[in-house]
Amino acid sequence: MILTETDLAGAFVIDVERHEDRRGYFSRVFCVEELSARGLETSIRQANLSYNCKAGTLRGLHFQYPPYAEEKYVRCVRGAVLDVIVDLRPESNTYFRHVSVELSAENGRGLYIPKRFAHGFITLADDTELLYFMSTSHKAGGEGGIGYQDPVLGISWPAVSVISERDEAWAPLKGREAEMRARMSTPASSELAHSLIPMAD
């Protein structure tokens with residue numbers, strides 16, 4: 001495994017080292033020792049598979065509020081996606097910044113997503129499947145979301161062909177940023193969070 005930290009601290013692109021022969025290839029996609037050496041969560045409490053029929057299907061941007069926040073390790077096992085993560089840690093220097101990564105069955109790339117990040121993706125091919133490894137079980141009622149076109153984030157997406165009514169209806173960040181900041185803060189980060197510059201009108 002080759003771990004490369006993104007511009008958002010704690011979020012890693014994970015590439016595989018392929019051992020190829022005439023049969024195909026073999027690669028390691030999860031290793032407790034390698035993840036632990038970077039200080040990353042290694043316990044898996046839940047695994048999810050997301051199947052998407054059509055290219056242009058958008059899911060997100062989703063997250064869990066503390067105390068139900070979760071780490072995710074996402075891999076595309078069929079097809080391809082543009083995967084997007086957003087830093088929602090109020091104490092972070094990259095608060096509300098995002099990173100986009102193409103994940104595909106062909107490139108074998110994965111993405112490690114820390115707690116208190118929003119996550120979403122859009123499919124780049126029909127019949128695309130994503131496999132999620134989760135550090136905690138999903139807790140109903142702990143969910144939150146941000147609209148994929150929210151101007152505060154400024155994310156550039158390919159054309160969207162399919163999206164759920166729920167994902168279309170997330171309230172804009174402007175007007176609820178103070179609540180978000182309070183709910184996404186941890187006890188250790190609350191002293192830093194209040195000193196950050198608020199979003200402009």
# chains A, B, ... in the order shown; residues from 1 in each chain; ligands from 1
>>> residues_around(residues="stretch 150-155 of chain A", least_positions_apart="2", cutoff="7 Å", atoms="only C-alpha atoms", output="ChimeraX atom specification")
/A:96-97,147-148,157,172-173
>>> write_last_selection(atoms="N, CA and C atoms", output="compact mmCIF listing (two decimals), in the first residue's frame")
# COMPACT_ATOMS: atom_id res chain seq x y z
N PHE A 96 -13.77 23.77 5.53
CA PHE A 96 -14.62 23.96 4.35
C PHE A 96 -13.87 23.83 3.01
N ARG A 97 -12.62 23.44 3.05
CA ARG A 97 -11.93 23.14 1.79
C ARG A 97 -12.23 21.70 1.38
N GLY A 147 -25.52 20.58 0.40
CA GLY A 147 -25.84 20.52 -1.02
C GLY A 147 -24.59 20.49 -1.88
N TYR A 148 -24.61 19.66 -2.90
CA TYR A 148 -23.42 19.49 -3.73
C TYR A 148 -23.03 20.76 -4.48
N TRP A 157 -18.37 19.84 -10.37
CA TRP A 157 -18.83 18.48 -10.62
C TRP A 157 -19.08 18.26 -12.12
N PRO A 172 -28.66 25.40 2.63
CA PRO A 172 -27.37 26.05 2.37
C PRO A 172 -26.55 26.23 3.64
N LEU A 173 -25.25 26.21 3.50
CA LEU A 173 -24.36 26.43 4.64
C LEU A 173 -24.53 27.84 5.20
>>> select_by_dssp(residues="stretch 22-198 of chain A", states="alpha helix (DSSP H)", output="list in words")
Val32, Glu33, Glu34, Leu35, Ser36, Ala37, Glu165, Arg166, Asp167, Glu168, Glu177, Ala178, Glu179, Met180, Arg181, Ala182, Arg183, Met184, Ser190, Glu191, Leu192 and Ala193 of chain A
>>> closest_atom_pairs(of="stretch 13-99 of chain A", to="stretch 126-130 of chain A", cutoff="9 Å", atoms="only C-alpha atoms", output="Markdown table")
| residue | atom | partner | partner_atom | distance |
| --- | --- | --- | --- | --- |
| A:Asn48 | CA | A:Leu130 | CA | 8.1 |
| A:Leu49 | CA | A:Leu130 | CA | 5.7 |
| A:Ser50 | CA | A:Leu130 | CA | 5.0 |
| A:Tyr51 | CA | A:Glu129 | CA | 4.5 |
| A:Asn52 | CA | A:Thr128 | CA | 5.2 |
| A:Cys53 | CA | A:Asp127 | CA | 4.6 |
| A:Lys54 | CA | A:Asp126 | CA | 4.2 |
| A:Ala55 | CA | A:Asp126 | CA | 4.6 |
| A:Gly56 | CA | A:Asp126 | CA | 8.3 |
| A:Thr57 | CA | A:Asp126 | CA | 8.9 |
| A:Val74 | CA | A:Leu130 | CA | 6.8 |
| A:Arg75 | CA | A:Leu130 | CA | 5.7 |
| A:Cys76 | CA | A:Leu130 | CA | 4.4 |
| A:Val77 | CA | A:Glu129 | CA | 5.7 |
| A:Arg78 | CA | A:Glu129 | CA | 5.0 |
| A:Gly79 | CA | A:Thr128 | CA | 4.3 |
| A:Ala80 | CA | A:Thr128 | CA | 6.2 |
| A:Val81 | CA | A:Thr128 | CA | 7.7 |
>>> write_last_selection(atoms="N, CA and C atoms", output="PDB file, in the first residue's frame")
ATOM      1  N   ASN A  48     -20.168  -1.315   3.688  1.00  0.00           N
ATOM      2  CA  ASN A  48     -21.321  -0.995   2.845  1.00  0.00           C
ATOM      3  C   ASN A  48     -20.929  -1.073   1.374  1.00  0.00           C
ATOM      4  N   LEU A  49     -21.870  -1.470   0.543  1.00  0.00           N
ATOM      5  CA  LEU A  49     -21.665  -1.492  -0.903  1.00  0.00           C
ATOM      6  C   LEU A  49     -22.698  -0.577  -1.547  1.00  0.00           C
ATOM      7  N   SER A  50     -22.234   0.362  -2.351  1.00  0.00           N
ATOM      8  CA  SER A  50     -23.117   1.284  -3.062  1.00  0.00           C
ATOM      9  C   SER A  50     -23.096   0.948  -4.548  1.00  0.00           C
ATOM     10  N   TYR A  51     -24.223   0.490  -5.079  1.00  0.00           N
ATOM     11  CA  TYR A  51     -24.349   0.197  -6.512  1.00  0.00           C
ATOM     12  C   TYR A  51     -25.102   1.336  -7.187  1.00  0.00           C
ATOM     13  N   ASN A  52     -24.598   1.760  -8.347  1.00  0.00           N
ATOM     14  CA  ASN A  52     -25.166   2.897  -9.072  1.00  0.00           C
ATOM     15  C   ASN A  52     -25.330   2.530 -10.542  1.00  0.00           C
ATOM     16  N   CYS A  53     -26.565   2.590 -11.015  1.00  0.00           N
ATOM     17  CA  CYS A  53     -26.888   2.115 -12.369  1.00  0.00           C
ATOM     18  C   CYS A  53     -26.277   2.971 -13.472  1.00  0.00           C
ATOM     19  N   LYS A  54     -26.361   4.297 -13.299  1.00  0.00           N
ATOM     20  CA  LYS A  54     -26.045   5.186 -14.416  1.00  0.00           C
ATOM     21  C   LYS A  54     -24.897   6.132 -14.118  1.00  0.00           C
ATOM     22  N   ALA A  55     -24.141   6.453 -15.158  1.00  0.00           N
ATOM     23  CA  ALA A  55     -23.140   7.522 -15.062  1.00  0.00           C
ATOM     24  C   ALA A  55     -23.853   8.829 -14.742  1.00  0.00           C
ATOM     25  N   GLY A  56     -23.214   9.666 -13.942  1.00  0.00           N
ATOM     26  CA  GLY A  56     -23.822  10.928 -13.562  1.00  0.00           C
ATOM     27  C   GLY A  56     -24.666  10.846 -12.304  1.00  0.00           C
ATOM     28  N   THR A  57     -24.646   9.688 -11.634  1.00  0.00           N
ATOM     29  CA  THR A  57     -25.370   9.541 -10.365  1.00  0.00           C
ATOM     30  C   THR A  57     -24.560  10.204  -9.255  1.00  0.00           C
ATOM     31  N   VAL A  74     -12.821   4.175   1.441  1.00  0.00           N
ATOM     32  CA  VAL A  74     -13.683   3.978   0.273  1.00  0.00           C
ATOM     33  C   VAL A  74     -12.859   3.481  -0.906  1.00  0.00           C
ATOM     34  N   ARG A  75     -13.382   2.465  -1.585  1.00  0.00           N
ATOM     35  CA  ARG A  75     -12.733   1.936  -2.787  1.00  0.00           C
ATOM     36  C   ARG A  75     -13.788   1.723  -3.867  1.00  0.00           C
ATOM     37  N   CYS A  76     -13.432   2.007  -5.103  1.00  0.00           N
ATOM     38  CA  CYS A  76     -14.307   1.721  -6.244  1.00  0.00           C
ATOM     39  C   CYS A  76     -13.920   0.347  -6.787  1.00  0.00           C
ATOM     40  N   VAL A  77     -14.843  -0.594  -6.710  1.00  0.00           N
ATOM     41  CA  VAL A  77     -14.535  -1.966  -7.129  1.00  0.00           C
ATOM     42  C   VAL A  77     -15.086  -2.290  -8.516  1.00  0.00           C
ATOM     43  N   ARG A  78     -15.875  -1.370  -9.054  1.00  0.00           N
ATOM     44  CA  ARG A  78     -16.404  -1.540 -10.416  1.00  0.00           C
ATOM     45  C   ARG A  78     -16.754  -0.171 -10.971  1.00  0.00           C
ATOM     46  N   GLY A  79     -16.350   0.113 -12.199  1.00  0.00           N
ATOM     47  CA  GLY A  79     -16.646   1.410 -12.790  1.00  0.00           C
ATOM     48  C   GLY A  79     -15.692   2.488 -12.311  1.00  0.00           C
ATOM     49  N   ALA A  80     -16.211   3.721 -12.158  1.00  0.00           N
ATOM     50  CA  ALA A  80     -15.358   4.855 -11.780  1.00  0.00           C
ATOM     51  C   ALA A  80     -16.209   5.964 -11.176  1.00  0.00           C
ATOM     52  N   VAL A  81     -15.599   6.727 -10.255  1.00  0.00           N
ATOM     53  CA  VAL A  81     -16.275   7.874  -9.647  1.00  0.00           C
ATOM     54  C   VAL A  81     -15.305   9.028  -9.492  1.00  0.00           C
TER      55      VAL A  81
END
>>> select_by_dssp(residues="stretch 37-159 of chain A", states="strand (DSSP E)", output="PyMOL selection string")
chain A and resi 46-52+57-64+72-78+80-87+98-104+110-113+117-123+128-134+143-145
>>> residues_around(residues="A:Ser185", least_positions_apart="6", cutoff="9 Å", atoms="only C-alpha atoms", output="PyMOL selection string")
chain A and resi 66+88-91+116+193
>>> closest_atom_pairs(of="stretch 72-166 of chain A", to="stretch 6-28 of chain A", cutoff="10 Å", atoms="only C-alpha atoms", output="JSON lines")
{"residue": "A:Lys72", "atom": "CA", "partner": "A:Ala11", "partner_atom": "CA", "distance": 9.9}
{"residue": "A:Tyr73", "atom": "CA", "partner": "A:Ile14", "partner_atom": "CA", "distance": 9.2}
{"residue": "A:Val74", "atom": "CA", "partner": "A:Ile14", "partner_atom": "CA", "distance": 9.5}
{"residue": "A:Arg75", "atom": "CA", "partner": "A:Ile14", "partner_atom": "CA", "distance": 9.2}
{"residue": "A:Ile85", "atom": "CA", "partner": "A:Ala11", "partner_atom": "CA", "distance": 8.7}
{"residue": "A:Val86", "atom": "CA", "partner": "A:Leu8", "partner_atom": "CA", "distance": 8.4}
{"residue": "A:Asp87", "atom": "CA", "partner": "A:Leu8", "partner_atom": "CA", "distance": 6.9}
{"residue": "A:Ser92", "atom": "CA", "partner": "A:Ala9", "partner_atom": "CA", "distance": 8.4}
{"residue": "A:Asn93", "atom": "CA", "partner": "A:Leu8", "partner_atom": "CA", "distance": 8.7}
{"residue": "A:Thr94", "atom": "CA", "partner": "A:Leu8", "partner_atom": "CA", "distance": 6.3}
{"residue": "A:Tyr95", "atom": "CA", "partner": "A:Leu8", "partner_atom": "CA", "distance": 8.9}
{"residue": "A:Arg97", "atom": "CA", "partner": "A:Leu8", "partner_atom": "CA", "distance": 7.7}
{"residue": "A:His98", "atom": "CA", "partner": "A:Leu8", "partner_atom": "CA", "distance": 7.6}
{"residue": "A:Val99", "atom": "CA", "partner": "A:Asp7", "partner_atom": "CA", "distance": 7.3}
{"residue": "A:Ser100", "atom": "CA", "partner": "A:Thr6", "partner_atom": "CA", "distance": 9.7}
{"residue": "A:Val101", "atom": "CA", "partner": "A:Val13", "partner_atom": "CA", "distance": 8.0}
{"residue": "A:Leu103", "atom": "CA", "partner": "A:Val13", "partner_atom": "CA", "distance": 9.5}
{"residue": "A:Asn107", "atom": "CA", "partner": "A:Asp15", "partner_atom": "CA", "distance": 8.1}
{"residue": "A:Gly108", "atom": "CA", "partner": "A:Val16", "partner_atom": "CA", "distance": 6.5}
{"residue": "A:Arg109", "atom": "CA", "partner": "A:Asp15", "partner_atom": "CA", "distance": 4.8}
{"residue": "A:Gly110", "atom": "CA", "partner": "A:Ile14", "partner_atom": "CA", "distance": 4.8}
{"residue": "A:Leu111", "atom": "CA", "partner": "A:Val13", "partner_atom": "CA", "distance": 4.7}
{"residue": "A:Tyr112", "atom": "CA", "partner": "A:Phe12", "partner_atom": "CA", "distance": 5.0}
{"residue": "A:Ile113", "atom": "CA", "partner": "A:Ala11", "partner_atom": "CA", "distance": 5.1}
{"residue": "A:Pro114", "atom": "CA", "partner": "A:Ala11", "partner_atom": "CA", "distance": 5.9}
{"residue": "A:Lys115", "atom": "CA", "partner": "A:Gly10", "partner_atom": "CA", "distance": 9.2}
{"residue": "A:Phe117", "atom": "CA", "partner": "A:Ala11", "partner_atom": "CA", "distance": 9.2}
>>> write_last_selection(atoms="N, CA and C atoms", output="CSV table (one decimal), in the first residue's frame")
chain,number,residue,atom,x,y,z
A,72,LYS,N,-13.9,6.6,7.2
A,72,LYS,CA,-14.3,5.8,6.1
A,72,LYS,C,-13.1,5.5,5.3
A,73,TYR,N,-13.1,4.3,4.7
A,73,TYR,CA,-12.1,3.9,3.7
A,73,TYR,C,-12.9,3.4,2.5
A,74,VAL,N,-12.8,4.2,1.4
A,74,VAL,CA,-13.7,4.0,0.3
A,74,VAL,C,-12.9,3.5,-0.9
A,75,ARG,N,-13.4,2.5,-1.6
A,75,ARG,CA,-12.7,1.9,-2.8
A,75,ARG,C,-13.8,1.7,-3.9
A,85,ILE,N,-14.3,15.0,-0.8
A,85,ILE,CA,-14.4,15.1,0.6
A,85,ILE,C,-14.2,16.5,1.0
A,86,VAL,N,-14.9,16.9,2.1
A,86,VAL,CA,-14.9,18.3,2.6
A,86,VAL,C,-14.5,18.3,4.1
A,87,ASP,N,-13.5,19.1,4.5
A,87,ASP,CA,-13.1,19.2,5.8
A,87,ASP,C,-14.1,20.0,6.6
A,92,SER,N,-9.6,23.3,12.0
A,92,SER,CA,-8.6,23.0,10.9
A,92,SER,C,-8.3,24.2,10.1
A,93,ASN,N,-7.1,24.3,9.6
A,93,ASN,CA,-6.7,25.3,8.7
A,93,ASN,C,-7.3,25.2,7.3
A,94,THR,N,-7.9,24.0,7.1
A,94,THR,CA,-8.5,23.8,5.8
A,94,THR,C,-10.1,23.6,5.9
A,95,TYR,N,-10.6,24.2,6.9
A,95,TYR,CA,-12.1,24.2,7.2
A,95,TYR,C,-12.8,24.6,6.0
A,97,ARG,N,-12.6,23.4,3.1
A,97,ARG,CA,-11.9,23.1,1.8
A,97,ARG,C,-12.2,21.7,1.4
A,98,HIS,N,-12.1,21.4,0.1
A,98,HIS,CA,-12.4,20.1,-0.4
A,98,HIS,C,-11.2,19.5,-1.3
A,99,VAL,N,-11.3,18.2,-1.4
A,99,VAL,CA,-10.3,17.5,-2.3
A,99,VAL,C,-11.2,16.6,-3.2
A,100,SER,N,-10.9,16.5,-4.5
A,100,SER,CA,-11.5,15.6,-5.4
A,100,SER,C,-10.5,14.5,-5.9
A,101,VAL,N,-10.9,13.3,-5.9
A,101,VAL,CA,-10.0,12.2,-6.3
A,101,VAL,C,-10.8,11.2,-7.2
A,103,LEU,N,-11.5,7.7,-8.3
A,103,LEU,CA,-11.4,6.3,-7.9
A,103,LEU,C,-12.0,5.4,-9.0
A,107,ASN,N,-7.8,2.0,-11.7
A,107,ASN,CA,-6.6,2.5,-11.0
A,107,ASN,C,-6.4,1.9,-9.6
A,108,GLY,N,-7.4,1.2,-9.1
A,108,GLY,CA,-7.3,0.5,-7.8
A,108,GLY,C,-7.1,1.5,-6.6
A,109,ARG,N,-7.4,2.7,-6.8
A,109,ARG,CA,-7.1,3.7,-5.8
A,109,ARG,C,-8.2,3.7,-4.7
A,110,GLY,N,-7.8,4.0,-3.4
A,110,GLY,CA,-8.8,4.1,-2.4
A,110,GLY,C,-8.6,5.5,-1.7
A,111,LEU,N,-9.5,5.8,-0.8
A,111,LEU,CA,-9.5,7.1,-0.1
A,111,LEU,C,-9.8,6.9,1.4
A,112,TYR,N,-8.9,7.3,2.2
A,112,TYR,CA,-9.2,7.3,3.7
A,112,TYR,C,-9.7,8.6,4.1
A,113,ILE,N,-10.9,8.6,4.7
A,113,ILE,CA,-11.6,9.9,5.1
A,113,ILE,C,-11.7,10.0,6.6
A,114,PRO,N,-11.1,11.0,7.2
A,114,PRO,CA,-11.2,11.1,8.7
A,114,PRO,C,-12.6,11.4,9.2
A,115,LYS,N,-12.8,11.4,10.5
A,115,LYS,CA,-14.0,11.8,11.1
A,115,LYS,C,-14.2,13.3,10.9
A,117,PHE,N,-15.6,14.8,8.3
A,117,PHE,CA,-15.5,15.2,6.9
A,117,PHE,C,-16.8,14.8,6.3
>>> atom_distance(atom1="atom CA of A:Arg181", atom2="atom CA of A:Arg166")
22.1 Å
>>> closest_residue(among="A:Thr4, A:Ser43, A:Ser36, A:Gln149", to="A:Met134", atoms="only C-alpha atoms")
A:Ser43
